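So the structure is just underneath, and the comments pick up after that.
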Amino acid sequence: MSEFDAVLPHGMHVVHDGPEQGPPLLLIHGSGASGGTWSPMIPALAARHHVIRTDLPGCGQSPPAASYDVPVQAGRVAALLDGLGLRRVAVAGHSSGGYVATALAEARPDLVSSLALISTGPGLDALLPQPAILRLLLGPPFGPLLWSLRSDAAIRGGIRATTVRQADIPDDLVAGVRGTTYRTFRAVSRCNTAYVDERNVPERLAALKVPLLVVFGDADPRWEPSSAHRYEAVPDSRVELLSGIGHIPLLEAPEATSDLLLRFAAAHAGNPGA
């Protein structure tokens, strides 16, 4: 299947890559980003999978929504998969996209064959102080004004503030970030915080019977890298730390990240996730 994109009835912009009959792989981006975050990995992933990328509501090319609560977001993703007639999907989430992926597995284990969390903080106590450029851009009192004045170079600078290794920033990611309003970003961030504050991610996953891959950069400037080992408490989990990589392995080490994801998804293809 050649790449195509559309906005479906659930209100999310969706891009498909790879063979339609290939094993499905759903990719969920993090806060304020878009499906373009995954672009450097798509050639490798789409060679083996029917890859589905969403722009979550209010991000990228998707229109805003009334609620950004994580379980509500997961319900929209479930509606997407139901609409496509898909079951037993390999699901991967980057950063806070991992919360939506976790909530999907909680609510609809019939849809998830395996779960991969990339740079997804396990709990709020693992959050590190944000880089100065992000504190200025995202917080009051200057955040709303600076957000509206961002140039493409400023957006790239904000993204690079969370990376360690030099990485090319895809144009579609920059466009996707530009498509997210400050108000939406703050609302999404509050809802993500509430979800993790209610119950941390390893505790949520420990009750599920879904194979878990956790990938972290060992130099992540957003989350304490050693906190990745908390996921080892989850049955059937595997934790991988990438040397010299920051918060966005998708951009900093796309080949290594793709390889981990492909091998993990293949090992658990068809797992009922329940």
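By convention in this document, the chains of the structure tokens carry letters A, B, ... by their order, each chain's residues are numbered from 1, and ligands are numbered from 1 in the order they are shown.
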Check: Neighbours of stretch 85-91 of chain A within 6 Å (only C-alpha atoms; same-chain residues fewer than 3 positions away dropped), as an NGL selection string?
Finding: :A and (24-26 or 81-82 or 111-115 or 270 or 272)
Check: Which neighbours of A:His94 fall inside 7 Å, counting only C-alpha atoms, when residues of the same chain fewer than 3 positions from it are skipped, and could you give them as a list in words?
Finding: Ile28, His29, Gly30, Gly97, Gly98, Leu117, Ile118, Ser119 and Thr120 of chain A
Check: DSSP says alpha helix (DSSP H) for which residues of stretch 46-273 of chain A? Put them as number ranges by chain?
Finding: A: 46, 70-84, 97-107, 132-138, 143-148, 152-160, 171-178, 182-198, 201-206, 249-252, 254-267
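Of the residues listed (A:Asn200, A:Gln21, A:Thr163, A:Thr102), A:Thr163 shows the shortest atom-to-atom separation from A:Ile245; distances use only C-alpha atoms.
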Check: Hey, which of A:Val196, A:Leu27, A:Ala46, A:Ala256 ends up closest to A:Leu127? Count only C-alpha atoms.
Finding: A:Val196
Checklist line | Interatomic distance (Å, one decimal) between atom CA of A:Leu80 and atom CA of A:Gly179 | finding: 21.1 Å
Margin query: Set the distance at 9 Å and use only C-alpha atoms: which residues neighbour A:Ala78 once local chain neighbours fewer than 3 positions away are removed? I'd like the list as number ranges by chain.
Written below: A: 73-75, 81-83, 104, 107-108, 111
Checklist line | Shell around A:Cys191 at 7 Å using only C-alpha atoms, local window under 5 positions removed, as a ChimeraX atom specification | finding: /A:68-70
Item checked: Proximity to A:Phe185 - best of A:Leu56, A:Gly11, A:Val51, A:Ala207, only C-alpha atoms -> A:Leu56
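Comparing A:Asp220, A:Glu255, A:Asp55, A:Glu106 by their smallest distance to A:Val15, the closest is A:Asp55 (using only C-alpha atoms).
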